[in-house]
Every structure is written in structure tokens, then in C-alpha cells.
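Dropping target09.txt in here (compact mmCIF, C-alpha atoms):
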```
# COMPACT_ATOMS: atom_id res chain seq x y z
CA MET A 963 -19.93 -8.92 59.48
CA ALA A 964 -18.29 -10.42 56.41
CA ASP A 965 -15.55 -8.46 54.67
CA TYR A 966 -15.22 -7.94 50.94
CA ALA A 967 -13.46 -10.75 49.08
CA ASN A 968 -10.70 -8.37 47.95
CA PRO A 969 -10.80 -5.45 50.37
CA GLU A 970 -7.41 -4.24 49.18
CA VAL A 971 -8.86 -2.89 45.90
CA LEU A 972 -10.87 -0.28 47.78
CA VAL A 973 -9.06 2.62 49.36
CA SER A 974 -10.57 5.28 51.58
CA THR A 975 -10.52 9.04 51.08
CA ASP A 976 -8.06 9.17 54.03
CA TRP A 977 -5.75 6.75 52.25
CA VAL A 978 -5.83 8.84 49.08
CA GLN A 979 -5.14 12.01 51.06
CA GLU A 980 -2.07 10.34 52.55
CA HIS A 981 -0.83 9.13 49.16
CA ILE A 982 -1.32 12.28 47.09
CA ASP A 983 2.44 12.79 46.86
CA ASP A 984 3.34 9.11 46.70
CA PRO A 985 5.36 8.67 43.47
CA GLY A 986 4.14 5.09 43.13
CA VAL A 987 0.49 6.13 43.10
CA VAL A 988 -1.38 7.85 40.27
CA ILE A 989 -4.83 9.19 41.07
CA VAL A 990 -7.18 9.15 38.07
CA GLU A 991 -10.46 11.03 37.86
CA SER A 992 -13.04 9.61 35.43
CA ASN A 993 -16.45 11.30 35.29
CA GLU A 994 -19.58 11.46 33.29
CA ASP A 995 -19.61 15.26 33.66
CA ILE A 996 -16.72 16.47 31.53
CA LEU A 997 -16.24 19.76 33.39
CA LEU A 998 -15.83 18.49 36.93
CA TYR A 999 -12.10 17.84 36.71
CA GLU A 1000 -11.44 21.36 35.40
CA ILE A 1001 -13.63 22.90 38.09
CA GLY A 1002 -11.61 21.17 40.78
CA HIS A 1003 -9.94 17.82 41.36
CA ILE A 1004 -7.79 16.01 43.90
CA ARG A 1005 -4.31 17.50 43.78
CA ASN A 1006 -1.97 15.49 41.54
CA SER A 1007 -4.82 13.59 39.92
CA VAL A 1008 -5.00 13.18 36.15
CA LYS A 1009 -8.14 13.18 34.05
CA PHE A 1010 -9.28 10.35 31.79
CA ASP A 1011 -12.21 10.87 29.50
CA TRP A 1012 -13.95 7.53 29.04
CA GLN A 1013 -15.42 8.42 25.71
CA THR A 1014 -12.73 10.31 23.82
CA GLU A 1015 -9.75 8.52 25.39
CA LEU A 1016 -10.75 5.06 26.54
CA GLN A 1017 -12.73 4.11 23.44
CA ASP A 1018 -11.57 3.76 19.87
CA GLN A 1019 -12.72 6.81 17.94
CA LEU A 1020 -13.38 4.98 14.68
CA ILE A 1021 -14.76 1.53 15.36
CA ARG A 1022 -16.85 0.52 18.37
CA ASP A 1023 -14.22 -0.94 20.66
CA CYS A 1024 -12.04 -0.26 23.68
CA VAL A 1025 -9.02 1.93 23.00
CA SER A 1026 -6.36 0.03 21.01
CA LYS A 1027 -3.21 -1.29 22.67
CA GLU A 1028 -1.09 1.28 20.82
CA SER A 1029 -3.30 4.23 21.73
CA PHE A 1030 -3.48 3.07 25.34
CA GLU A 1031 0.32 2.89 25.52
CA ALA A 1032 0.62 6.39 24.06
CA LEU A 1033 -2.08 7.74 26.38
CA LEU A 1034 -0.58 6.34 29.57
CA SER A 1035 2.95 7.37 28.56
CA GLU A 1036 1.70 10.90 27.91
CA LYS A 1037 -0.07 11.06 31.27
CA GLY A 1038 2.96 9.78 33.14
CA ILE A 1039 1.65 6.40 34.27
CA SER A 1040 4.14 3.52 34.53
CA ASN A 1041 3.50 -0.18 34.29
CA ASP A 1042 4.08 -0.52 38.02
CA SER A 1043 2.02 2.52 39.08
CA ALA A 1044 -0.81 1.84 41.48
CA VAL A 1045 -3.72 3.64 39.78
CA VAL A 1046 -6.51 4.85 42.05
CA PHE A 1047 -9.72 5.67 40.21
CA TYR A 1048 -12.44 7.98 41.46
CA GLY A 1049 -15.30 9.84 39.80
CA ASP A 1050 -18.84 11.11 39.89
CA ARG A 1051 -22.06 9.10 40.15
CA SER A 1052 -20.95 6.55 42.75
CA ASN A 1053 -17.79 5.75 40.79
CA TRP A 1054 -19.77 4.51 37.82
CA TRP A 1055 -17.26 5.96 35.32
CA ALA A 1056 -14.33 5.18 37.58
CA CYS A 1057 -15.32 1.50 37.39
CA TYR A 1058 -15.61 1.72 33.62
CA ALA A 1059 -12.10 3.21 33.43
CA LEU A 1060 -10.79 0.51 35.77
CA TRP A 1061 -12.38 -2.22 33.65
CA THR A 1062 -10.74 -0.78 30.52
CA PHE A 1063 -7.36 -0.60 32.30
CA LYS A 1064 -7.79 -4.25 33.31
CA VAL A 1065 -8.65 -5.28 29.74
CA LEU A 1066 -5.46 -3.55 28.64
CA GLY A 1067 -3.60 -5.50 31.31
CA HIS A 1068 -2.76 -2.83 33.90
CA GLU A 1069 -1.96 -4.64 37.10
CA LYS A 1070 -2.49 -2.39 40.10
CA CYS A 1071 -5.93 -0.79 39.91
CA LEU A 1072 -7.77 0.57 42.96
CA ILE A 1073 -10.99 2.46 43.58
CA MET A 1074 -11.45 5.28 46.08
CA ASP A 1075 -14.63 4.23 47.88
CA GLY A 1076 -17.31 6.92 47.74
CA GLY A 1077 -15.75 8.61 44.73
CA ARG A 1078 -15.80 12.32 44.09
CA GLN A 1079 -19.00 12.86 46.06
CA LYS A 1080 -17.50 11.57 49.31
CA TRP A 1081 -14.31 13.59 48.85
CA VAL A 1082 -16.36 16.77 48.28
CA ASP A 1083 -18.82 16.01 51.11
CA GLU A 1084 -15.91 15.64 53.51
CA GLY A 1085 -14.78 19.14 52.59
CA ARG A 1086 -11.43 17.97 51.26
CA GLU A 1087 -9.27 20.13 49.04
CA LEU A 1088 -9.91 20.41 45.29
CA VAL A 1089 -7.45 22.20 43.02
CA LYS A 1090 -7.45 23.42 39.43
CA ASP A 1091 -3.75 22.91 38.69
CA VAL A 1092 -3.06 20.07 36.32
CA PRO A 1093 -0.03 18.11 37.53
CA GLU A 1094 3.02 18.01 35.28
CA ARG A 1095 4.08 14.42 35.29
CA ALA A 1096 7.20 13.13 33.58
CA LYS A 1097 6.34 11.09 30.50
CA THR A 1098 6.81 7.36 30.73
CA ASP A 1099 7.28 4.55 28.27
CA TYR A 1100 4.23 2.47 29.01
CA LYS A 1101 4.02 -0.99 27.44
CA VAL A 1102 0.98 -3.24 27.37
CA SER A 1103 2.23 -6.71 28.16
CA ALA A 1104 -0.97 -8.65 27.55
CA VAL A 1105 -4.54 -7.77 26.72
CA ASP A 1106 -6.98 -9.61 29.02
CA GLU A 1107 -10.22 -10.31 27.24
CA SER A 1108 -11.29 -12.90 29.80
CA ILE A 1109 -13.24 -10.12 31.52
CA ARG A 1110 -15.00 -9.07 28.35
CA ALA A 1111 -17.87 -10.83 26.58
CA PHE A 1112 -18.72 -10.49 22.89
CA ARG A 1113 -22.10 -11.25 21.37
CA ASP A 1114 -21.25 -14.85 20.41
CA ASP A 1115 -20.03 -15.51 23.96
CA VAL A 1116 -23.30 -14.15 25.28
CA LEU A 1117 -25.35 -16.33 22.95
CA GLU A 1118 -23.45 -19.44 24.03
CA HIS A 1119 -23.64 -18.41 27.68
CA MET A 1120 -27.38 -17.86 27.40
CA SER A 1121 -27.97 -21.13 25.57
CA SER A 1122 -26.22 -23.10 28.29
CA GLY A 1123 -28.33 -21.40 30.95
CA GLU A 1124 -25.52 -19.57 32.71
CA SER A 1125 -26.05 -16.44 34.78
CA LEU A 1126 -26.75 -13.11 33.14
CA VAL A 1127 -27.28 -9.87 35.03
CA ASP A 1128 -29.08 -7.01 33.35
CA VAL A 1129 -28.13 -3.91 35.36
CA ARG A 1130 -30.46 -1.49 33.57
CA SER A 1131 -33.55 0.04 35.12
CA PRO A 1132 -36.64 -2.18 35.53
CA LYS A 1133 -38.41 -0.38 32.68
CA GLU A 1134 -35.54 -1.01 30.29
CA TYR A 1135 -35.41 -4.65 31.39
CA SER A 1136 -39.13 -5.14 30.82
CA GLY A 1137 -38.87 -3.58 27.38
CA GLU A 1138 -41.17 -0.72 28.24
CA LEU A 1139 -38.30 1.67 27.56
CA LEU A 1140 -35.49 1.34 25.06
CA HIS A 1141 -33.13 3.57 26.99
CA MET A 1142 -32.53 4.91 30.45
CA GLU A 1143 -35.49 6.86 31.67
CA ALA A 1144 -35.07 10.51 30.71
CA TYR A 1145 -32.13 9.75 28.46
CA PRO A 1146 -32.72 10.08 24.75
CA GLN A 1147 -32.95 6.92 22.74
CA GLU A 1148 -29.55 5.58 21.78
CA GLY A 1149 -30.41 3.35 18.93
CA ALA A 1150 -31.82 -0.04 19.94
CA LEU A 1151 -34.63 -1.25 17.69
CA ARG A 1152 -36.08 -3.79 20.10
CA GLY A 1153 -36.81 -3.65 23.82
CA GLY A 1154 -36.63 -6.34 26.46
CA HIS A 1155 -33.78 -8.38 27.90
CA ILE A 1156 -31.58 -11.36 27.08
CA PRO A 1157 -33.54 -14.51 28.00
CA GLY A 1158 -32.68 -15.78 31.45
CA ALA A 1159 -31.14 -12.52 32.67
CA VAL A 1160 -31.99 -11.31 36.15
CA ASN A 1161 -32.46 -7.58 36.75
CA VAL A 1162 -30.35 -5.84 39.38
CA PRO A 1163 -30.03 -2.13 38.59
CA TRP A 1164 -26.37 -1.17 39.01
CA ALA A 1165 -26.98 1.52 41.63
CA THR A 1166 -28.45 -1.08 43.99
CA ALA A 1167 -24.83 -1.80 44.90
CA ALA A 1168 -24.15 1.76 46.06
CA ASN A 1169 -25.08 3.65 49.21
CA GLU A 1170 -26.47 7.20 49.21
CA ASP A 1171 -23.01 8.61 49.94
CA GLY A 1172 -21.52 6.93 46.87
CA THR A 1173 -19.72 4.14 48.76
CA PHE A 1174 -20.31 0.49 48.00
CA ARG A 1175 -22.78 -1.45 50.10
CA SER A 1176 -21.36 -3.81 52.70
CA ALA A 1177 -20.42 -7.38 51.79
CA ASP A 1178 -23.43 -8.71 53.69
CA GLU A 1179 -25.79 -6.41 51.82
CA LEU A 1180 -24.25 -7.36 48.48
CA VAL A 1181 -24.68 -11.06 49.26
CA GLU A 1182 -28.29 -10.34 50.13
CA ILE A 1183 -28.89 -8.47 46.86
CA TYR A 1184 -27.09 -10.68 44.36
CA GLU A 1185 -27.11 -14.12 45.97
CA LYS A 1186 -30.18 -14.40 48.16
CA GLY A 1187 -32.15 -12.02 45.97
CA GLN A 1188 -31.16 -13.19 42.50
CA GLY A 1189 -29.55 -16.57 42.90
CA LEU A 1190 -26.07 -15.67 41.72
CA SER A 1191 -23.14 -17.38 43.37
CA LYS A 1192 -19.38 -17.48 43.35
CA ASP A 1193 -19.17 -20.76 41.47
CA LYS A 1194 -21.20 -19.48 38.53
CA ASN A 1195 -20.03 -17.84 35.35
CA VAL A 1196 -21.67 -14.45 35.10
CA ILE A 1197 -22.06 -11.94 32.30
CA ALA A 1198 -23.23 -8.41 33.15
CA TYR A 1199 -24.64 -6.00 30.59
CA CYS A 1200 -26.49 -2.69 30.38
CA ARG A 1201 -27.07 -0.38 27.43
CA ILE A 1202 -23.53 0.45 26.35
CA GLY A 1203 -21.44 -1.48 28.86
CA GLU A 1204 -20.60 1.27 31.35
CA ARG A 1205 -23.19 0.75 34.09
CA SER A 1206 -22.41 -2.97 33.93
CA SER A 1207 -18.71 -2.33 34.59
CA HIS A 1208 -19.78 -1.11 38.05
CA THR A 1209 -21.56 -4.43 38.67
CA TRP A 1210 -18.62 -6.33 37.14
CA PHE A 1211 -16.37 -4.62 39.71
CA VAL A 1212 -18.70 -5.47 42.59
CA LEU A 1213 -19.05 -9.13 41.65
CA THR A 1214 -15.38 -9.61 40.83
CA TYR A 1215 -13.66 -7.74 43.63
CA LEU A 1216 -16.14 -7.23 46.41
CA LEU A 1217 -17.86 -10.61 46.21
CA GLY A 1218 -14.86 -12.46 44.77
CA TYR A 1219 -16.49 -14.14 41.77
CA GLU A 1220 -13.83 -15.65 39.57
CA ASN A 1221 -15.58 -15.62 36.26
CA VAL A 1222 -17.42 -12.42 35.53
CA ARG A 1223 -17.45 -10.76 32.15
CA ASN A 1224 -18.73 -7.38 31.06
CA TYR A 1225 -20.64 -7.43 27.78
CA ASP A 1226 -19.75 -3.99 26.47
CA GLY A 1227 -21.82 -4.40 23.30
CA SER A 1228 -24.78 -4.60 25.67
CA TRP A 1229 -28.32 -3.67 24.67
CA THR A 1230 -27.35 -1.27 21.89
CA GLU A 1231 -25.85 -4.31 20.16
CA TRP A 1232 -28.21 -7.10 21.29
CA GLY A 1233 -31.38 -5.09 20.70
CA ASN A 1234 -30.33 -4.53 17.10
CA LEU A 1235 -29.07 -8.01 16.20
CA VAL A 1236 -31.21 -9.85 13.70
CA ARG A 1237 -32.71 -12.97 15.32
CA ALA A 1238 -31.08 -12.42 18.70
CA PRO A 1239 -33.43 -14.00 21.25
CA ILE A 1240 -35.28 -11.50 23.43
CA GLU A 1241 -37.57 -11.94 26.39
CA LYS A 1242 -40.00 -9.33 27.71
CA MET B 437 -26.59 39.37 24.04
CA THR B 438 -24.57 37.12 21.88
CA SER B 439 -26.08 36.27 18.54
CA ILE B 440 -26.76 32.72 17.48
CA ASP B 441 -24.17 32.93 14.73
CA GLU B 442 -21.51 34.23 17.06
CA ILE B 443 -22.08 31.37 19.46
CA VAL B 444 -21.96 28.83 16.65
CA ARG B 445 -18.69 30.32 15.38
CA GLU B 446 -17.20 30.40 18.88
CA PHE B 447 -17.88 26.67 19.32
CA GLN B 448 -16.94 25.64 15.82
CA ASP B 449 -13.53 27.24 16.21
CA ALA B 450 -12.81 25.62 19.57
CA ASP B 451 -10.81 22.43 20.07
CA HIS B 452 -11.70 19.91 22.79
CA GLN B 453 -9.97 21.76 25.63
CA GLU B 454 -11.16 25.20 24.50
CA MET B 455 -14.67 23.85 24.36
CA ILE B 456 -14.35 22.70 27.96
CA GLU B 457 -13.18 26.18 28.98
CA LEU B 458 -16.05 27.75 27.05
CA LEU B 459 -18.57 25.49 28.73
CA ILE B 460 -17.16 26.35 32.16
CA ASP B 461 -17.57 30.05 31.33
CA TYR B 462 -21.15 29.46 30.24
CA SER B 463 -21.83 27.35 33.30
CA GLU B 464 -20.54 30.08 35.60
CA SER B 465 -22.39 32.85 33.82
CA LEU B 466 -25.87 31.34 33.94
CA PRO B 467 -27.82 34.11 35.72
CA GLU B 468 -29.53 33.28 39.00
CA ILE B 469 -33.26 32.97 38.68
CA PRO B 470 -35.45 35.57 40.36
CA LYS B 471 -37.06 34.60 43.66
CA ARG B 472 -40.51 34.66 42.09
CA PHE B 473 -39.48 31.46 40.32
CA SER B 474 -37.17 29.77 42.81
CA GLU B 475 -39.71 30.00 45.62
CA ARG B 476 -42.64 28.65 43.68
CA VAL B 477 -44.17 25.50 45.06
CA ASP B 478 -45.20 24.35 41.60
CA LYS B 479 -41.61 24.59 40.37
CA ASP B 480 -41.85 21.04 39.05
CA LEU B 481 -44.22 22.20 36.32
CA ASN B 482 -41.25 23.97 34.81
CA ARG B 483 -38.92 21.01 34.95
CA VAL B 484 -37.72 19.63 31.62
CA HIS B 485 -38.48 15.99 32.23
CA GLU B 486 -36.48 14.70 29.31
CA CYS B 487 -33.33 15.70 31.18
CA GLU B 488 -31.96 13.35 33.78
CA THR B 489 -30.41 16.28 35.64
CA PRO B 490 -32.93 18.70 37.17
CA VAL B 491 -33.35 21.47 34.59
CA PHE B 492 -36.02 24.15 35.04
CA ILE B 493 -37.04 26.65 32.38
CA TRP B 494 -39.32 29.69 32.63
CA ILE B 495 -40.36 31.80 29.67
CA GLU B 496 -41.88 35.28 29.85
CA ILE B 497 -42.71 37.59 27.00
CA GLU B 498 -42.64 41.29 27.69
CA ASP B 499 -42.67 44.18 25.22
CA GLY B 500 -42.18 41.82 22.32
CA LYS B 501 -39.07 40.23 23.85
CA VAL B 502 -38.72 36.73 25.20
CA ASN B 503 -37.07 36.43 28.60
CA ILE B 504 -35.67 33.01 29.40
CA PHE B 505 -34.79 31.93 32.93
CA ALA B 506 -33.14 28.61 33.66
CA ASP B 507 -32.11 26.82 36.80
CA VAL B 508 -29.68 23.88 36.94
CA PRO B 509 -28.00 22.82 40.21
CA GLU B 510 -24.29 23.60 40.49
CA PRO B 511 -23.13 20.00 40.94
CA PHE B 512 -23.96 19.49 37.25
CA PRO B 513 -21.67 21.99 35.52
CA THR B 514 -21.84 20.44 32.05
CA VAL B 515 -25.62 20.58 31.95
CA ARG B 516 -25.54 24.12 33.41
CA GLY B 517 -23.11 25.12 30.68
CA LEU B 518 -25.23 23.62 27.93
CA VAL B 519 -28.43 25.22 29.16
CA SER B 520 -26.62 28.53 29.61
CA ILE B 521 -25.68 28.47 25.89
CA LEU B 522 -29.38 28.36 25.02
CA VAL B 523 -30.21 31.17 27.44
CA SER B 524 -27.40 33.25 26.06
CA ALA B 525 -28.45 32.59 22.46
CA PHE B 526 -32.17 33.21 22.83
CA ASP B 527 -32.84 35.46 25.83
CA GLY B 528 -34.05 38.85 24.67
CA LEU B 529 -34.98 37.81 21.12
CA SER B 530 -38.45 38.30 19.70
CA PRO B 531 -40.84 35.33 19.64
CA GLU B 532 -40.61 35.29 15.84
CA GLU B 533 -36.81 35.12 15.97
CA ILE B 534 -36.96 32.17 18.35
CA GLU B 535 -39.58 30.34 16.34
CA SER B 536 -37.53 30.74 13.19
CA ALA B 537 -34.19 29.88 14.84
CA PRO B 538 -32.42 27.04 13.02
CA VAL B 539 -33.62 23.58 14.10
CA ASP B 540 -30.04 22.33 13.79
CA PHE B 541 -28.62 25.00 16.13
CA ILE B 542 -27.34 22.39 18.59
CA SER B 543 -25.78 20.13 16.01
CA ARG B 544 -24.05 23.15 14.47
CA LEU B 545 -22.22 23.76 17.74
CA GLY B 546 -20.27 20.55 17.13
CA LEU B 547 -20.59 19.42 20.75
CA ALA B 548 -21.30 15.85 19.71
CA GLN B 549 -18.12 15.51 17.66
CA LYS B 550 -15.79 17.16 20.13
CA LEU B 551 -17.29 16.08 23.43
CA GLY B 552 -19.03 12.80 22.62
CA ILE B 553 -22.59 12.39 21.47
CA ARG B 554 -24.10 11.24 24.76
CA ARG B 555 -23.04 14.40 26.54
CA VAL B 556 -25.53 16.51 24.63
CA ARG B 557 -28.52 14.27 25.23
CA GLY B 558 -31.26 16.28 26.76
CA LEU B 559 -30.12 19.59 25.32
CA SER B 560 -32.32 19.16 22.28
CA ALA B 561 -35.24 18.62 24.65
CA VAL B 562 -34.49 21.91 26.39
CA TYR B 563 -34.24 23.67 23.04
CA ALA B 564 -37.56 22.17 21.94
CA ARG B 565 -39.12 23.22 25.24
CA ILE B 566 -38.06 26.83 24.73
CA LYS B 567 -39.41 26.89 21.18
CA ASN B 568 -42.70 25.25 22.19
CA GLU B 569 -43.25 27.52 25.17
CA VAL B 570 -42.68 30.58 23.01
CA LYS B 571 -45.07 29.23 20.39
CA LYS B 572 -47.75 28.47 22.99
CA TYR B 573 -47.32 31.87 24.57
CA SER B 574 -47.59 33.64 21.23
CA GLU B 575 -50.72 31.69 20.34
CA VAL B 576 -52.65 32.65 23.47
CA THR B 577 -51.63 36.29 23.46
```
Structure rendered as C-alpha cells:
Amino acid sequence: MADYANPEVLVSTDWVQEHIDDPGVVIVESNEDILLYEIGHIRNSVKFDWQTELQDQLIRDCVSKESFEALLSEKGISNDSAVVFYGDRSNWWACYALWTFKVLGHEKCLIMDGGRQKWVDEGRELVKDVPERAKTDYKVSAVDESIRAFRDDVLEHMSSGESLVDVRSPKEYSGELLHMEAYPQEGALRGGHIPGAVNVPWATAANEDGTFRSADELVEIYEKGQGLSKDKNVIAYCRIGERSSHTWFVLTYLLGYENVRNYDGSWTEWGNLVRAPIEK
Amino acid sequence: MTSIDEIVREFQDADHQEMIELLIDYSESLPEIPKRFSERVDKDLNRVHECETPVFIWIEIEDGKVNIFADVPEPFPTVRGLVSILVSAFDGLSPEEIESAPVDFISRLGLAQKLGIRRVRGLSAVYARIKNEVKKYSEVT
């Protein structure tokens, strides 16, 4: 059985348990459900809220370099900390947080395979105490936008026939729905997908227990199933760029693709752009 | 019973962290539903399908008062908390009071500003469901 391209970015629940008190490791919980951390979290873990902390609160963008520095300094994360992300919904939000950390140039980022669900299912300890970490003086050395695609990049990418992965549900892809099934509409005026995009819903990459599928299964899904390959440039998108960060993580780290970008403008931008090409 | 205005004031005065604490309290205080609902085989008829999380609502009107019962699984504390606010605000009111309750009740809580707009998706659907059920019930009786 093939191994992941970068197996070192995934750590197990056992590994996290052993490193809870490791001063070089910071465990970060990032969830969709905003109450889960307060109800109970891995001891010594710190909470990041993807929406109020990892996004700019005025313009639609990732958190600014200055705010990110202030945020990480406040939470006691150093430039050389190994940050282990975990969260609810098969690490969907953990991957989004990791992607944002990578854009802001944080070097050592890991994911706890299986996320919060696996930790809870294994009956491991959850605590309510928020750790008191000494403040740091975090500095962003370089912002890395090579993993991020903007609308003009997507247009160029599409025009030259390069690979696009739409990770939304089949009904969103077909244009039947403008938003995730059962989620209220979030403001796209047109339905459909970017021409040429293949549809691989993000959760296809996750097992029932929240862990990632094996390397062989991922190859089957993305390469044999949809014709993606390591040598291609790939852009992943969804509705607001969070589900696609999960797929970005899978393609980049688990399958080892060297040129994958997450289009965080995603459908809520594309589906509103005047004259943006759409296929149904 | 907490009045609608009291709940609105409670939320309007809260900062981000206080709002989280409030929601946890609401989540924990959502009353268990009676067995006559939980054991029903047609439970799915009472599911609010606009919500991604399983949310079930039952409405009964007795002696001029509306009784609201809601069920949300524990692994979804935020949704439980949000639904519990509605139960707390409207359980025990008269059908007329519920029908005339402010349409902007949810937006007045300020959840969208303090917690992020996407977190309250679905709650409006639950609110609409309660109002519609009460209206339907009043029409047939």
C-alpha cells in the first residue's frame, strides 16, 4: 500500500496525547461549532475562530499580516512552534486554519488525523481550562500567496485548460442549487460551475471516523476518477473557500502535488462576477 | 419564562465571549422532549429540513398556550443553544403573541455581528416553522 506523499504532516491522536506538554508544540482547535472548545477541548489547546480571527473583519480577505502577528503573539505561538490543528467535521475547519497559517508563512503546521471526532470517540480527556501561555513576539517573515488563487488567476487557469476541482455537492456543481443543501443562500446570483472543473465533493476524501482516506483510495478518487495528476497545476474552489482548503490539503500534502491553489473567492465571487464564464 | 425583550437585551449586552457562555447555558437548558415525541416512528415529519443539523420541533396548543418542544442532538451545541433560545422565548405564550412576535427577533439578538453571519443560518427557518405551525394550528381549531 502506498504511503502519503508527506506523511509527516499528519499526526495521530496518540502522538498528540504524548505531546500535550511539549513546549515546542501548540495544539490548535478550529471548529465550525463555536461552542465545542468551551464545552471541552484537548488540554493545553488554544482556540482559533476561523471567521472572527482568521478573516479580515472589514474587507473580504484573510487576516492581515499585522493582525495575524498580534493574534499569534497573544495566543503564545512562536515562529518555531509546531502547530497541530484539529477540529470538528473531519478537520474541515482545521484545514482552513492550516491553509491560512500557511498563507501567512507559518512553517510547521500539522493536522491531527481524525480530528475532534476521533479524539472524543476514543474516550480521551477533554478539559474546560483555557491554558495560560506566555505571550510571544510573533513575526510574519513572508506571506505565501502561491497557494492562493484570485479571480484573474482562475480565469487564466481556466482559459489555458488547466485542472479545476469543484469540491461542492453535485447539486451545487450542476447549478440546481446555489448553496449547500439545507444551508441558506449565501449570495450567488448564478448557479453552475467554472467551465472545465471536475466535481469531487470535499468529504469524499474523509472516512466515516473523520480520518483521511488512504493514499491508494485518494489516487483512485482524484487521479483515476477525475484525471488529476501530480504534474498538473490545480485550483480547488467551493462556495467560500473553506471546504476547498480540505481538498487543497489532501492534494498538496497527502498526494504531494506541487502546484495546488485554493480559490477562496470561490462561488460566492465567481457566481456574481459579470461575464464570468459558467457551465451547467 | 423569559420574555422576548429580556432575551434580546441579554444578548445585545453580551460581548463575544459572554455570548458564547450564554449559548452554552441555553444549550444545556434545552428541556428533554417527552417520550411521546422521541419514540414516534414518524419523527422525521417534525424535522426542520432547512437545517443541516437534525432539528426537530413539535408544537401543541393547550388551554390557549403554545407548548414548544425541540430536539437537537448534543454533539451540535451551537444549534442546540440557538434553538433553545426560541423555545425559551416562545414556549408558553398564546398563539396570538407568537404570531405577532417581531419578524426581526433573530436579527435583534445580534448573533450575526458577534458570532459571524453563517452561524445563524437555519435559525430563521426554525423560527418560521414555529410561527407557521402555530398559525396552521390556530386556523384548524
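Here atom CA of A:Trp977 is placed at a distance of 28.7 Å from atom CA of A:Tyr1184.
Checking A:Asp984, A:Glu1015, A:Glu1179, A:Glu1087 one by one against chain B, counting only C-alpha atoms, you find the shortest gap at A:Glu1015.
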(request) Return the neighbours of chain A among the residues of chain B, cut-off 7 Å, counting only C-alpha atoms, as a PyMOL selection string. (result) chain B and resi 456+460+485-488+513-514+552+557-558
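Going from atom CA of B:Gly528 to atom CA of B:Lys501 covers 5.3 Å.
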(request) Quick one: everything within 12 Å of B:Ala450, counting all atoms listed in the file, minus sequence neighbours fewer than 2 positions away in the same chain. Send it as a PyMOL selection string. (result) chain B and resi 443-448+452-459+545-547+549-551
Mind writing stretch 1065-1078 of chain A to a file for me, with N, CA, C and O atoms, as a short mmCIF file (atom, residue, chain, number, x, y, z; two decimals), in the first residue's frame?
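Okay, this is what ended up in decode_7.cif:
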```
data_model
loop_
_atom_site.label_atom_id
_atom_site.label_comp_id
_atom_site.auth_asym_id
_atom_site.auth_seq_id
_atom_site.Cartn_x
_atom_site.Cartn_y
_atom_site.Cartn_z
N VAL A 1065 -0.58 30.56 4.35
CA VAL A 1065 -0.56 31.81 3.58
C VAL A 1065 0.24 32.86 4.34
O VAL A 1065 1.02 33.62 3.76
N LEU A 1066 0.07 32.88 5.66
CA LEU A 1066 0.79 33.86 6.47
C LEU A 1066 2.21 33.39 6.81
O LEU A 1066 2.89 33.97 7.63
N GLY A 1067 2.62 32.31 6.17
CA GLY A 1067 4.02 31.88 6.23
C GLY A 1067 4.44 31.08 7.46
O GLY A 1067 5.64 30.93 7.71
N HIS A 1068 3.48 30.52 8.22
CA HIS A 1068 3.93 29.71 9.37
C HIS A 1068 4.49 28.39 8.86
O HIS A 1068 3.89 27.71 8.04
N GLU A 1069 5.64 28.04 9.38
CA GLU A 1069 6.37 26.91 8.81
C GLU A 1069 5.82 25.54 9.23
O GLU A 1069 5.39 24.75 8.39
N LYS A 1070 5.84 25.27 10.53
CA LYS A 1070 5.50 23.91 10.96
C LYS A 1070 4.01 23.78 11.29
O LYS A 1070 3.55 24.17 12.36
N CYS A 1071 3.27 23.22 10.35
CA CYS A 1071 1.82 23.04 10.53
C CYS A 1071 1.48 21.56 10.36
O CYS A 1071 1.87 20.95 9.36
N LEU A 1072 0.77 21.00 11.31
CA LEU A 1072 0.41 19.58 11.28
C LEU A 1072 -1.10 19.43 11.49
O LEU A 1072 -1.75 20.34 12.01
N ILE A 1073 -1.62 18.29 11.10
CA ILE A 1073 -3.04 18.01 11.34
C ILE A 1073 -3.15 16.72 12.17
O ILE A 1073 -2.44 15.75 11.90
N MET A 1074 -4.03 16.75 13.18
CA MET A 1074 -4.28 15.52 13.93
C MET A 1074 -5.33 14.72 13.14
O MET A 1074 -6.49 15.14 13.03
N ASP A 1075 -4.91 13.59 12.60
CA ASP A 1075 -5.80 12.80 11.74
C ASP A 1075 -7.03 12.34 12.53
O ASP A 1075 -6.91 11.83 13.64
N GLY A 1076 -8.20 12.54 11.95
CA GLY A 1076 -9.44 12.13 12.62
C GLY A 1076 -10.10 13.27 13.37
O GLY A 1076 -11.28 13.20 13.70
N GLY A 1077 -9.31 14.30 13.69
CA GLY A 1077 -9.87 15.49 14.31
C GLY A 1077 -10.53 15.25 15.65
O GLY A 1077 -10.26 14.27 16.35
N ARG A 1078 -11.40 16.16 15.99
CA ARG A 1078 -12.07 16.12 17.30
C ARG A 1078 -12.89 14.84 17.48
O ARG A 1078 -12.89 14.22 18.55
#
```
